[in-house]
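This is my_file04.txt. It holds compact mmCIF, C-alpha atoms.
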```txt
# COMPACT_ATOMS: atom_id res chain seq x y z
CA MET T 1 130.46 142.66 116.20
CA HIS T 2 133.72 141.03 117.23
CA GLU T 3 133.30 142.46 120.72
CA LEU T 4 131.74 139.18 121.87
CA SER T 5 134.88 137.29 120.76
CA VAL T 6 137.00 139.83 122.62
CA CYS T 7 134.79 139.43 125.69
CA GLN T 8 135.10 135.65 125.60
CA ALA T 9 138.89 136.02 125.48
CA LEU T 10 138.67 138.45 128.39
CA VAL T 11 136.52 136.13 130.49
CA ASN T 12 138.83 133.15 129.77
CA GLN T 13 141.79 135.17 131.01
CA VAL T 14 139.97 136.44 134.06
CA VAL T 15 138.77 132.96 135.04
CA GLU T 16 142.29 131.61 134.66
CA ILE T 17 143.73 134.35 136.87
CA ALA T 18 140.97 133.88 139.46
CA GLN T 19 141.77 130.14 139.62
CA GLN T 20 145.49 130.84 140.00
CA ASN T 21 144.68 133.13 142.92
CA SER T 22 142.10 130.76 144.46
CA ALA T 23 139.39 133.42 144.18
CA HIS T 24 135.73 132.43 144.14
CA THR T 25 134.42 135.77 142.84
CA VAL T 26 135.76 138.51 140.64
CA GLN T 27 134.51 141.85 141.89
CA LEU T 28 136.03 144.38 139.50
CA ILE T 29 137.74 144.19 136.12
CA THR T 30 139.62 147.19 134.76
CA LEU T 31 140.51 147.43 131.08
CA TYR T 32 142.62 149.95 129.18
CA ILE T 33 141.18 150.57 125.72
CA GLY T 34 142.51 153.11 123.25
CA PRO T 35 140.55 154.69 120.39
CA LEU T 36 142.59 152.67 117.85
CA ALA T 37 142.11 149.28 119.52
CA GLY T 38 139.34 148.47 117.06
CA VAL T 39 136.97 147.67 119.91
CA GLU T 40 133.95 149.73 120.93
CA PRO T 41 133.81 150.04 124.76
CA ALA T 42 129.99 150.33 124.85
CA LEU T 43 129.60 147.12 122.83
CA LEU T 44 132.12 145.38 125.07
CA VAL T 45 130.10 146.37 128.13
CA SER T 46 126.88 145.02 126.60
CA ALA T 47 128.55 141.77 125.48
CA PHE T 48 130.24 141.16 128.83
CA PRO T 49 127.26 139.64 130.74
CA LEU T 50 126.77 137.08 127.95
CA ALA T 51 130.38 135.97 128.03
CA ALA T 52 130.67 136.05 131.82
CA ALA T 53 127.42 134.21 132.65
CA GLY T 54 128.05 131.17 134.81
CA THR T 55 131.69 132.05 135.57
CA VAL T 56 133.35 133.53 138.65
CA ALA T 57 133.27 136.85 136.77
CA ALA T 58 129.49 136.85 136.29
CA SER T 59 128.87 139.51 138.93
CA ALA T 60 131.98 141.55 138.20
CA GLN T 61 131.84 145.24 137.47
CA LEU T 62 133.57 146.07 134.19
CA VAL T 63 135.41 149.38 134.21
CA ILE T 64 136.95 150.70 131.00
CA GLU T 65 139.59 153.39 131.25
CA PRO T 66 139.89 155.10 127.86
CA GLN T 67 143.46 155.88 126.83
CA PRO T 68 144.64 159.09 125.15
CA LEU T 69 145.66 159.05 121.50
CA ARG T 70 149.20 160.45 121.25
CA VAL T 71 151.85 160.35 118.55
CA HIS T 72 155.61 160.92 118.52
CA CYS T 73 156.95 162.81 115.49
CA GLN T 74 160.07 161.32 113.94
CA THR T 75 160.74 164.56 112.08
CA CYS T 76 160.53 167.24 114.78
CA GLY T 77 160.50 165.03 117.88
CA ALA T 78 157.31 166.44 119.41
CA ASP T 79 154.73 164.32 121.28
CA THR T 80 151.21 165.54 120.55
CA GLU T 81 147.53 164.56 120.78
CA ALA T 82 145.95 163.10 117.63
CA THR T 83 142.58 161.80 116.40
CA PRO T 84 141.92 158.29 115.02
CA ASN T 85 141.94 159.30 111.36
CA ARG T 86 144.44 162.13 111.62
CA LEU T 87 147.65 160.84 113.18
CA LEU T 88 149.80 163.73 112.00
CA CYS T 89 152.24 165.65 114.19
CA GLY T 90 150.33 168.41 115.98
CA ILE T 91 153.36 170.74 115.74
CA CYS T 92 154.86 170.32 112.26
CA GLY T 93 152.06 168.39 110.53
CA ASP T 94 154.33 165.58 109.26
CA TYR T 95 152.93 162.05 108.81
CA HIS T 96 156.11 160.24 109.85
CA THR T 97 154.76 159.64 113.33
CA GLN T 98 154.61 156.69 115.72
CA LEU T 99 151.77 155.96 118.09
CA ILE T 100 152.83 156.32 121.74
CA SER T 101 149.41 155.57 123.18
CA GLY T 102 145.92 154.86 121.85
CA ASP T 103 145.85 151.26 120.53
CA GLU T 104 145.73 149.53 123.94
CA LEU T 105 143.49 146.50 124.41
CA MET T 106 144.65 145.47 127.84
CA LEU T 107 143.40 143.73 130.95
CA ALA T 108 144.81 146.17 133.50
CA ASN T 109 143.81 144.77 136.89
CA LEU T 110 141.32 142.68 138.83
CA GLU T 111 139.77 142.77 142.27
CA LEU T 112 139.25 139.26 143.53
CA ILE T 113 137.36 137.91 146.53
CA THR T 114 139.21 134.97 148.04
CA MET B 1 117.14 128.50 131.35
CA CYS B 2 119.33 126.35 133.56
CA ASP B 3 121.74 126.39 136.46
CA THR B 4 124.51 124.72 134.50
CA CYS B 5 125.66 127.49 132.25
CA GLY B 6 124.33 130.42 134.20
CA CYS B 7 121.89 131.59 131.55
CA ASN B 8 119.24 132.06 134.21
CA ILE B 9 121.19 134.93 135.72
CA THR B 10 120.13 138.32 134.40
CA PRO B 11 121.25 141.83 135.26
CA GLY B 12 118.03 142.12 137.31
CA ASN B 13 118.62 139.12 139.58
CA ARG B 14 122.38 138.92 139.61
CA HIS B 15 122.65 140.60 143.03
CA LEU B 16 120.50 137.77 144.44
CA ALA B 17 122.47 135.01 142.77
CA TYR B 18 125.82 136.28 143.99
CA LYS B 19 125.49 137.37 147.59
CA PRO B 20 128.57 139.06 148.97
CA VAL B 21 130.67 136.55 150.88
CA ASN B 22 132.81 137.45 153.83
CA GLY B 23 136.41 137.09 152.94
CA GLY B 24 139.42 138.96 151.77
CA THR B 25 139.38 141.11 148.69
CA SER B 26 142.57 141.34 146.77
CA ALA B 27 143.43 143.58 143.87
CA ILE B 28 145.91 142.26 141.36
CA SER B 29 147.56 144.02 138.50
CA VAL B 30 147.51 142.04 135.28
CA LEU B 31 148.46 144.27 132.33
CA LYS B 32 147.96 141.56 129.76
CA LYS B 33 146.70 141.93 126.23
CA LEU B 34 143.05 140.92 126.03
CA LEU B 35 143.68 138.75 123.00
CA ALA B 36 146.73 137.03 124.52
CA HIS B 37 145.38 133.53 123.79
CA ASN B 38 144.79 134.43 120.14
CA ASP B 39 148.24 136.02 119.98
CA ASP B 40 149.85 132.86 121.43
CA GLN B 41 148.15 130.75 118.77
CA ALA B 42 149.19 133.28 116.10
CA ALA B 43 152.81 133.02 117.23
CA HIS B 44 152.51 129.23 116.97
CA ASN B 45 151.14 129.55 113.41
CA ARG B 46 153.95 131.95 112.51
CA ALA B 47 156.49 129.43 113.80
CA HIS B 48 154.94 126.79 111.51
CA PHE B 49 155.39 129.15 108.56
CA ASP B 50 158.93 130.17 109.46
CA THR B 51 160.08 126.57 109.91
CA ARG B 52 159.13 125.94 106.30
CA GLY B 53 160.26 129.31 104.92
CA ILE B 54 156.70 130.29 103.98
CA LEU B 55 155.62 133.92 103.51
CA THR B 56 152.04 134.36 104.75
CA ILE B 57 149.97 137.32 103.60
CA ASN B 58 146.60 138.28 105.07
CA LEU B 59 144.28 139.98 102.54
CA MET B 60 141.63 142.24 104.03
CA SER B 61 139.00 144.54 102.49
CA SER B 62 135.29 145.18 102.32
CA PRO B 63 133.24 142.49 100.51
CA GLY B 64 133.43 142.76 96.74
CA SER B 65 136.60 144.81 96.43
CA GLY B 66 138.34 142.11 94.39
CA LYS B 67 140.41 139.98 96.80
CA THR B 68 139.63 136.71 95.01
CA ALA B 69 140.10 138.27 91.55
CA LEU B 70 143.50 139.59 92.67
CA LEU B 71 144.43 136.07 93.83
CA GLU B 72 143.27 134.51 90.55
CA ALA B 73 145.39 136.90 88.48
CA THR B 74 148.35 136.41 90.84
CA ILE B 75 148.08 132.62 90.55
CA ASP B 76 148.00 132.79 86.74
CA ALA B 77 151.09 135.00 86.70
CA LEU B 78 153.20 133.41 89.44
CA LYS B 79 152.23 129.75 89.80
CA ASP B 80 155.21 128.60 87.74
CA GLU B 81 157.55 130.85 89.73
CA PHE B 82 156.33 130.07 93.26
CA ARG B 83 154.33 127.36 95.00
CA LEU B 84 151.15 129.07 96.20
CA ALA B 85 148.32 128.09 98.55
CA VAL B 86 145.23 129.90 99.77
CA ILE B 87 143.07 129.83 102.88
CA GLU B 88 139.68 131.38 102.18
CA GLY B 89 137.42 132.89 104.84
CA ASP B 90 133.72 133.47 104.31
CA LEU B 91 130.58 133.13 106.38
CA GLU B 92 129.21 130.49 104.01
CA THR B 93 129.94 128.61 100.73
CA GLU B 94 132.99 126.96 99.17
CA ASN B 95 132.74 129.30 96.17
CA ASP B 96 136.01 131.18 96.61
CA ALA B 97 138.05 128.05 97.36
CA ALA B 98 136.54 126.45 94.24
CA ARG B 99 137.64 129.48 92.18
CA ILE B 100 141.20 129.12 93.48
CA ARG B 101 141.33 125.32 92.98
CA ALA B 102 140.11 125.84 89.39
CA ARG B 103 143.41 127.66 88.80
CA GLY B 104 145.40 124.64 89.96
CA VAL B 105 146.36 125.86 93.44
CA PRO B 106 145.44 124.14 96.75
CA ALA B 107 142.83 126.03 98.75
CA TYR B 108 141.04 125.40 102.03
CA GLN B 109 137.78 127.16 102.79
CA ILE B 110 136.99 128.28 106.33
CA THR B 111 133.29 128.96 106.77
CA THR B 112 132.83 131.01 109.90
CA GLY B 113 129.04 130.68 110.16
CA SER B 114 128.23 134.09 111.57
CA ALA B 115 131.68 135.19 112.75
CA CYS B 116 132.80 138.41 111.12
CA HIS B 117 136.56 137.68 111.08
CA LEU B 118 139.14 134.89 111.08
CA ASP B 119 141.14 134.21 114.22
CA ALA B 120 144.40 132.39 114.82
CA HIS B 121 142.67 129.18 115.95
CA MET B 122 140.60 128.92 112.76
CA VAL B 123 143.72 129.41 110.66
CA HIS B 124 145.59 126.77 112.67
CA GLU B 125 142.80 124.28 112.03
CA ALA B 126 142.95 125.12 108.31
CA LEU B 127 146.71 124.51 108.25
CA HIS B 128 146.08 120.83 108.99
CA HIS B 129 144.26 120.57 105.67
CA LEU B 130 147.13 121.96 103.58
CA ASN B 131 150.48 120.39 102.72
CA LEU B 132 152.73 123.17 103.99
CA SER B 133 155.93 121.51 102.79
CA MET B 134 154.90 122.43 99.24
CA VAL B 135 154.27 126.16 99.74
CA ASP B 136 156.31 129.34 99.18
CA ILE B 137 153.56 131.94 99.63
CA LEU B 138 150.37 131.31 101.60
CA PHE B 139 147.55 133.82 101.12
CA VAL B 140 144.83 134.10 103.75
CA GLU B 141 141.77 135.81 102.28
CA ASN B 142 140.00 137.18 105.34
CA VAL B 143 136.25 137.67 105.69
CA GLY B 144 135.19 140.74 103.69
CA ASN B 145 134.91 143.34 106.46
CA LEU B 146 136.79 146.58 107.14
CA VAL B 147 136.36 146.39 110.91
CA CYS B 148 136.86 143.17 112.83
CA PRO B 149 139.65 141.34 110.92
CA ALA B 150 142.08 144.14 111.82
CA SER B 151 141.99 143.15 115.50
CA PHE B 152 143.09 139.51 115.19
CA ASP B 153 146.66 138.37 114.54
CA LEU B 154 146.57 135.13 112.50
CA GLY B 155 150.30 134.49 112.38
CA GLN B 156 150.74 136.26 109.05
CA HIS B 157 153.89 138.20 108.16
CA ARG B 158 152.20 140.93 106.17
CA ASN B 159 148.76 142.53 105.90
CA VAL B 160 147.48 143.77 102.55
CA THR B 161 144.33 145.90 102.53
CA LEU B 162 142.40 146.44 99.29
CA LEU B 163 140.45 149.60 98.50
CA SER B 164 138.45 149.38 95.28
CA VAL B 165 137.68 152.55 93.35
CA THR B 166 133.98 151.67 93.45
CA GLU B 167 134.12 152.54 97.16
CA GLY B 168 134.62 156.02 98.62
CA ASP B 169 138.10 157.55 98.40
CA ASP B 170 137.79 158.51 102.08
CA LYS B 171 137.61 154.87 103.28
CA PRO B 172 141.00 155.10 105.08
CA ALA B 173 139.66 158.04 107.11
CA LYS B 174 136.46 156.12 107.94
CA TYR B 175 138.21 152.85 108.88
CA PRO B 176 141.52 153.97 110.42
CA VAL B 177 142.16 150.77 112.42
CA MET B 178 142.00 148.63 109.27
CA PHE B 179 144.09 150.87 107.02
CA ARG B 180 146.67 151.48 109.73
CA ALA B 181 147.18 147.70 109.91
CA ALA B 182 148.17 147.46 106.22
CA ASP B 183 151.76 146.81 105.12
CA ALA B 184 150.62 147.58 101.57
CA VAL B 185 147.39 149.05 100.24
CA VAL B 186 146.10 147.85 96.88
CA LEU B 187 143.89 150.31 94.99
CA SER B 188 141.84 147.83 92.96
CA LYS B 189 139.62 148.05 89.85
CA ILE B 190 141.44 151.15 88.52
CA ASP B 191 140.20 150.29 85.00
CA LEU B 192 136.85 151.69 86.22
CA LEU B 193 138.28 155.11 87.15
CA PRO B 194 137.25 156.75 83.84
CA VAL B 195 133.57 156.10 84.63
CA LEU B 196 133.83 156.89 88.37
CA ASP B 197 134.46 160.61 88.41
CA ASP B 198 133.85 160.88 92.17
CA PHE B 199 136.83 158.71 93.19
CA ASP B 200 140.07 160.67 93.48
CA PRO B 201 143.13 158.39 93.96
CA ALA B 202 145.13 161.35 95.31
CA ARG B 203 142.49 161.90 98.00
CA ALA B 204 142.59 158.18 98.91
CA GLU B 205 146.36 158.43 99.31
CA GLN B 206 146.02 161.61 101.38
CA CYS B 207 143.56 159.88 103.74
CA LEU B 208 146.02 156.97 104.06
CA ARG B 209 149.00 159.24 104.82
CA GLN B 210 146.99 161.04 107.49
CA LEU B 211 147.03 157.73 109.38
CA ALA B 212 150.83 158.12 109.56
CA SER B 213 151.12 155.28 107.06
CA THR B 214 154.19 155.23 104.82
CA VAL B 215 153.36 151.89 103.15
CA PRO B 216 153.25 151.38 99.36
CA LEU B 217 149.98 152.19 97.57
CA LEU B 218 149.61 149.88 94.56
CA PRO B 219 146.99 150.95 91.98
CA LEU B 220 145.99 148.00 89.78
CA SER B 221 143.31 146.20 87.85
CA ALA B 222 143.46 142.41 88.21
CA ARG B 223 140.87 141.90 85.46
CA LYS B 224 142.57 144.14 82.88
CA GLY B 225 146.15 143.40 83.96
CA GLN B 226 147.00 147.02 84.75
CA GLY B 227 149.64 147.82 87.39
CA MET B 228 150.17 144.14 88.27
CA ALA B 229 153.97 144.22 87.85
CA ALA B 230 154.40 146.43 90.94
CA TRP B 231 152.27 143.98 93.00
CA TYR B 232 154.28 140.97 91.81
CA ASP B 233 157.53 142.82 92.55
CA TRP B 234 156.26 143.61 96.05
CA LEU B 235 155.46 139.89 96.59
CA ARG B 236 158.89 138.85 95.29
CA SER B 237 160.70 141.31 97.54
CA GLU B 238 158.62 140.23 100.56
CA LEU B 239 159.37 136.55 99.90
CA ALA B 240 163.09 137.33 99.54
CA ALA B 241 162.95 139.29 102.81
CA GLN B 242 161.14 136.41 104.53
CA ARG B 243 163.75 133.90 103.33
CA ALA B 244 166.54 136.17 104.57
CA ARG B 245 164.82 136.42 107.97
CA VAL B 246 164.30 132.66 108.18
CA SER B 247 167.97 131.94 107.43
CA ALA B 248 168.90 134.49 110.11
CA GLY B 249 166.51 132.84 112.59
CA GLN B 250 164.23 135.88 112.72
CA THR B 251 160.56 136.50 112.08
CA VAL B 252 158.33 139.51 111.55
CA LYS B 253 154.81 140.57 112.41
CA PRO B 254 152.77 143.02 110.34
CA TYR B 255 154.12 146.56 110.37
CA ILE B 256 152.20 148.24 113.21
CA GLN B 257 152.43 145.41 115.71
CA PRO B 258 156.14 145.52 116.59
CA ASP B 259 155.83 149.28 116.71
CA GLY B 260 153.06 149.08 119.27
CA ALA B 261 154.76 146.28 121.18
CA ARG B 262 157.94 148.30 121.50
CA LEU B 263 156.26 151.54 122.48
CA HIS B 264 154.05 149.81 125.02
CA ALA B 265 156.90 147.72 126.36
CA GLU B 266 156.51 149.23 129.82
CA VAL B 267 153.01 147.80 130.16
CA GLY B 268 153.12 144.53 128.41
```
What does the file become when written as structure tokens?
Amino acid sequence: MHELSVCQALVNQVVEIAQQNSAHTVQLITLYIGPLAGVEPALLVSAFPLAAAGTVAASAQLVIEPQPLRVHCQTCGADTEATPNRLLCGICGDYHTQLISGDELMLANLELIT
Amino acid sequence: MCDTCGCNITPGNRHLAYKPVNGGTSAISVLKKLLAHNDDQAAHNRAHFDTRGILTINLMSSPGSGKTALLEATIDALKDEFRLAVIEGDLETENDAARIRARGVPAYQITTGSACHLDAHMVHEALHHLNLSMVDILFVENVGNLVCPASFDLGQHRNVTLLSVTEGDDKPAKYPVMFRAADAVVLSKIDLLPVLDDFDPARAEQCLRQLASTVPLLPLSARKGQGMAAWYDWLRSELAAQRARVSAGQTVKPYIQPDGARLHAEVG
């Protein structure tokens, strides 16, 4: 359950950004999380109120936009969909692939009330 | 329950506590990694290591797969060749640090209490308890856990993940985030293979390759001294590579991180 640590890091960042923008309330927080981020969105959502309590983000809505898992094949050059434990090229089946998307753990944007 | 820390606010009464206030709403785009503070601290740790030419290796695995035994054997074999030091991570006890110190190598024990992983701040604190000017290779033995430690950069140069043959050979398929993070995978306790007819090393390797991992797989037994030469050679080549990087003013993060950083360059 490292999602609480991740949430605390999230809230620290959000509070910092809210202060920089002289906001008194954070209304909406959007995250990008890929299947290979190592973080479970549902656990993040349940940990968020604990981490955000007493901060300007306490009443914020947390929206998580899941990201697609895609790989680029270094052998045949194709970009294809993959699954977390099968990151092979969907065209030629080779394992010399690079992740193009799917390991994001990003704070995408905020809606602030100033 | 108090008004100081906000613990009196629950999902049921939050709408009362935070009434909408008239004022402007502004949307701002951030696109920042959630663990940016940890990553900043990790970069700081890495700079400490690079300044002194230290190679730092993060050992990760499930509990009981033989991380400490691997370190003990490595210390016995290499302590006259290199100056070694160890940071141990466990929820409780000094036991592992005591095992390392008994071999004549400095060790600092981090006890995390209930935290399931080490983070860059804990490692930084530990660094203040070690004399880094006397170290060639620093091992960080992470908390035994195949999930959480994979998400936190500590400032290490390389990740090594252990898979013992007493576990399932499909562990890489079950824990893809962890095994994808490895720069080398150690298949430990191979002396037990003759009595474990349900563990197929070829299947373990197949599960690893399906994660698009091309890293070395090192089968060994620390207790019986089997396959250790390949592990020591890997350490020697990594230290040589680290020294070459340091003299060229460069550094390196574990294998998958620069890959991800480059491919996601447009967003962060």
Which residues of chain T have any atom within 7 Å of an atom in chain B when counting all atoms listed in the file, and what is the closest pair of atoms for each, with the distance in Å to one decimal? Order the rows by chain and rising number and write it as JSON lines.
```
{"residue": "T:His2", "atom": "CA", "partner": "B:Cys148", "partner_atom": "CA", "distance": 5.8}
{"residue": "T:Val6", "atom": "CA", "partner": "B:Leu35", "partner_atom": "CA", "distance": 6.8}
{"residue": "T:Ala9", "atom": "CA", "partner": "B:Leu35", "partner_atom": "CA", "distance": 6.0}
{"residue": "T:Leu10", "atom": "CA", "partner": "B:Leu34", "partner_atom": "CA", "distance": 5.6}
{"residue": "T:Leu36", "atom": "CA", "partner": "B:Val177", "partner_atom": "CA", "distance": 5.8}
{"residue": "T:Gly38", "atom": "CA", "partner": "B:Val177", "partner_atom": "CA", "distance": 5.9}
{"residue": "T:Ala53", "atom": "CA", "partner": "B:Gly6", "partner_atom": "CA", "distance": 5.1}
{"residue": "T:Gly54", "atom": "CA", "partner": "B:Gly6", "partner_atom": "CA", "distance": 3.8}
{"residue": "T:Ser59", "atom": "CA", "partner": "B:Arg14", "partner_atom": "CA", "distance": 6.6}
{"residue": "T:Pro84", "atom": "CA", "partner": "B:Pro176", "partner_atom": "CA", "distance": 6.3}
{"residue": "T:Asn85", "atom": "CA", "partner": "B:Ala173", "partner_atom": "CA", "distance": 5.0}
{"residue": "T:Arg86", "atom": "CA", "partner": "B:Gln210", "partner_atom": "CA", "distance": 5.0}
{"residue": "T:Leu87", "atom": "CA", "partner": "B:Leu211", "partner_atom": "CA", "distance": 4.9}
{"residue": "T:Leu88", "atom": "CA", "partner": "B:Gln210", "partner_atom": "CA", "distance": 6.0}
{"residue": "T:Tyr95", "atom": "CA", "partner": "B:Ala212", "partner_atom": "CA", "distance": 4.5}
{"residue": "T:His96", "atom": "CA", "partner": "B:Ala212", "partner_atom": "CA", "distance": 5.7}
{"residue": "T:Thr97", "atom": "CA", "partner": "B:Ala212", "partner_atom": "CA", "distance": 5.7}
{"residue": "T:Ile100", "atom": "CA", "partner": "B:Leu263", "partner_atom": "CA", "distance": 5.9}
{"residue": "T:Leu105", "atom": "CA", "partner": "B:Leu34", "partner_atom": "CA", "distance": 5.8}
{"residue": "T:Met106", "atom": "CA", "partner": "B:Lys33", "partner_atom": "CA", "distance": 4.4}
{"residue": "T:Leu107", "atom": "CA", "partner": "B:Lys32", "partner_atom": "CA", "distance": 5.2}
{"residue": "T:Ala108", "atom": "CA", "partner": "B:Leu31", "partner_atom": "CA", "distance": 4.3}
{"residue": "T:Asn109", "atom": "CA", "partner": "B:Ser29", "partner_atom": "CA", "distance": 4.1}
{"residue": "T:Leu110", "atom": "CA", "partner": "B:Ile28", "partner_atom": "CA", "distance": 5.3}
{"residue": "T:Glu111", "atom": "CA", "partner": "B:Ala27", "partner_atom": "CA", "distance": 4.1}
{"residue": "T:Leu112", "atom": "CA", "partner": "B:Ser26", "partner_atom": "CA", "distance": 5.1}
{"residue": "T:Ile113", "atom": "CA", "partner": "B:Thr25", "partner_atom": "CA", "distance": 4.4}
{"residue": "T:Thr114", "atom": "CA", "partner": "B:Gly24", "partner_atom": "CA", "distance": 5.5}
```
Only C-alpha atoms, please: the residues just picked out, written as an mmCIF file, in the coordinates of the input.
```cif
data_model
loop_
_atom_site.group_PDB
_atom_site.id
_atom_site.type_symbol
_atom_site.label_atom_id
_atom_site.label_comp_id
_atom_site.auth_asym_id
_atom_site.auth_seq_id
_atom_site.Cartn_x
_atom_site.Cartn_y
_atom_site.Cartn_z
ATOM 1 C CA HIS T 2 133.720 141.030 117.230
ATOM 2 C CA VAL T 6 137.000 139.830 122.620
ATOM 3 C CA ALA T 9 138.890 136.020 125.480
ATOM 4 C CA LEU T 10 138.670 138.450 128.390
ATOM 5 C CA LEU T 36 142.590 152.670 117.850
ATOM 6 C CA GLY T 38 139.340 148.470 117.060
ATOM 7 C CA ALA T 53 127.420 134.210 132.650
ATOM 8 C CA GLY T 54 128.050 131.170 134.810
ATOM 9 C CA SER T 59 128.870 139.510 138.930
ATOM 10 C CA PRO T 84 141.920 158.290 115.020
ATOM 11 C CA ASN T 85 141.940 159.300 111.360
ATOM 12 C CA ARG T 86 144.440 162.130 111.620
ATOM 13 C CA LEU T 87 147.650 160.840 113.180
ATOM 14 C CA LEU T 88 149.800 163.730 112.000
ATOM 15 C CA TYR T 95 152.930 162.050 108.810
ATOM 16 C CA HIS T 96 156.110 160.240 109.850
ATOM 17 C CA THR T 97 154.760 159.640 113.330
ATOM 18 C CA ILE T 100 152.830 156.320 121.740
ATOM 19 C CA LEU T 105 143.490 146.500 124.410
ATOM 20 C CA MET T 106 144.650 145.470 127.840
ATOM 21 C CA LEU T 107 143.400 143.730 130.950
ATOM 22 C CA ALA T 108 144.810 146.170 133.500
ATOM 23 C CA ASN T 109 143.810 144.770 136.890
ATOM 24 C CA LEU T 110 141.320 142.680 138.830
ATOM 25 C CA GLU T 111 139.770 142.770 142.270
ATOM 26 C CA LEU T 112 139.250 139.260 143.530
ATOM 27 C CA ILE T 113 137.360 137.910 146.530
ATOM 28 C CA THR T 114 139.210 134.970 148.040
#
```
Near B:Ile54, within 12 Å and counting all atoms listed in the file, which residues show up once chain neighbours fewer than 4 positions away are dropped, as a ChimeraX atom specification? /B:45-50,82-85,131-139,155-158,238-247,251
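Distance annotation: of T:Val11, T:Ala37, T:Val63, T:Leu99, the residue with the minimal separation from T:Glu81 is T:Leu99; atom set is all atoms listed in the file.
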If I take atom CA of B:Leu196 and atom CA of B:Glu167, how far is one from the other in Å, to one decimal? 9.8 Å
Tell me, in Å to one decimal, how far atom CA of T:Ser101 is from atom CA of T:Val15.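 These two atoms are separated by 27.7 Å.
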Excluding T:Gly102 and residues on its chain fewer than 6 positions from it, collect all residues at most 10 Å away from it, counting all atoms listed in the file, and give them as a PyMOL selection string. (chain T and resi 32-37+66-71+81-84) or (chain B and resi 260)
Between atom CA of B:Leu187 and atom CA of B:Ser164, distance in Å (one decimal):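 Distance between the two atoms: 5.5 Å.
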Which one of T:Ala18, T:Leu62, T:Leu4, T:Cys76 sits closest to T:Val39 if you count only C-alpha atoms?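 Among the listed residues, the smallest separation from T:Val39 belongs to T:Leu4.
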Using only C-alpha atoms, which residues sit within 10 Å of B:Asp200 once same-chain residues fewer than 5 positions away are excluded, as a list in words?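 So the residues in contact are Val165, Gly168, Asp169, Asp170, Leu193, Glu205 and Gln206 of chain B.
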Please reconstruct the missing atoms of stretch 59-72 of chain T (target: N, CA and C atoms) and return them as a compact mmCIF listing (two decimals), in the frame of the given file.
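Final output, saved to rebuild-v7.txt:
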```
# COMPACT_ATOMS: atom_id res chain seq x y z
N SER T 59 129.40 138.35 138.21
CA SER T 59 128.87 139.51 138.93
C SER T 59 129.87 140.67 138.93
N ALA T 60 130.92 140.53 138.15
CA ALA T 60 131.98 141.55 138.20
C ALA T 60 131.53 142.85 137.55
N GLN T 61 132.06 143.94 138.09
CA GLN T 61 131.84 145.24 137.47
C GLN T 61 132.97 145.46 136.45
N LEU T 62 132.58 145.86 135.25
CA LEU T 62 133.57 146.07 134.19
C LEU T 62 133.83 147.57 134.04
N VAL T 63 135.06 147.96 134.31
CA VAL T 63 135.41 149.38 134.21
C VAL T 63 136.39 149.55 133.05
N ILE T 64 136.07 150.47 132.14
CA ILE T 64 136.95 150.70 131.00
C ILE T 64 137.57 152.08 131.12
N GLU T 65 138.89 152.11 131.19
CA GLU T 65 139.59 153.39 131.25
C GLU T 65 140.09 153.73 129.85
N PRO T 66 139.45 154.73 129.21
CA PRO T 66 139.89 155.10 127.86
C PRO T 66 141.31 155.67 127.92
N GLN T 67 142.07 155.43 126.87
CA GLN T 67 143.46 155.88 126.83
C GLN T 67 143.60 157.02 125.82
N PRO T 68 144.48 157.97 126.09
CA PRO T 68 144.64 159.09 125.15
C PRO T 68 145.33 158.64 123.86
N LEU T 69 145.02 159.33 122.78
CA LEU T 69 145.66 159.05 121.50
C LEU T 69 146.80 160.05 121.32
N ARG T 70 148.04 159.56 121.36
CA ARG T 70 149.20 160.45 121.25
C ARG T 70 150.20 159.87 120.25
N VAL T 71 150.84 160.78 119.52
CA VAL T 71 151.85 160.35 118.55
C VAL T 71 153.19 161.05 118.83
N HIS T 72 154.26 160.35 118.45
CA HIS T 72 155.61 160.92 118.52
C HIS T 72 156.08 161.20 117.10
```
